[in-house]
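Peer 1: Here it is, the structure in full.
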Amino acid sequence: ESLRKWVVEHKLRTVVCLWLGGIGSSIAYNWSQSNMKPSVKIIHARLHAQALTLAALAGAAVVEYYDQYQSKSGGAKSELKCW
């Protein structure tokens with residue numbers, strides 16, 4: 001519950017942190033592959049981070065929708081059981 005609350009309050013920070021983590025881990029993984037040029041490694045890392053960012057944005061949209069739904073229904077958690 002507290003993690004969800006923090007994500008709701010810091011959506012942009014969450015997405016940026018996921019992007020940075022994604023690009024960092026992807027660069028680290030791609031750098032261990034010796035059969036690619038450095039430019040290709042960077043492009044692959046950017047693409048992986050971009051896909052992770054889109055997934056994070058979709059998750060943030062779901063959290064926002066859930067919060068809007070909760071505020072309209074008076075906070076009744078029994079109607080929507082996704083958390």
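Order determines the names: the first chain of the structure tokens is A, the second B, and so forth; residues in each chain are numbered 1 upward, and ligands are numbered 1 upward as they are shown.
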Please extract the residues of chain A with a backbone DSSP assignment of helix (DSSP H, G or I) and present them as an NGL selection string.
Peer 2: :A and (2-9 or 11-31 or 38-72)
Peer 1: Would you pick out the contacts of Gln50 in chain A at 12 Å or less, using only C-alpha atoms, so that residues sharing its chain but fewer than 2 positions from it are not included, and give the list as a PyMOL selection string?
Peer 2: chain A and resi 15-16+18-23+26+43-48+52-57
Peer 1: Show me, as JSON, numbers by chain, the residues that have an atom within 12 Å of Lys5 in chain A when counting only C-alpha atoms, minus same-chain residues fewer than 4 positions from it.
Peer 2: {"A": [1, 9, 10, 11, 14, 60, 63, 64, 66, 67]}
Peer 1: Can you work out the spacing between CA of Val8 in chain A and CA of Gly24 in chain A in Å, to one decimal?
Peer 2: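 CA of Gly24 in chain A lies at a distance of 24.3 Å from CA of Val8 in chain A.
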Peer 1: Go ahead and compute the interatomic distance for CA of Asn30 in chain A and CA of Arg13 in chain A, in Å to one decimal.
Peer 2: 25.3 Å
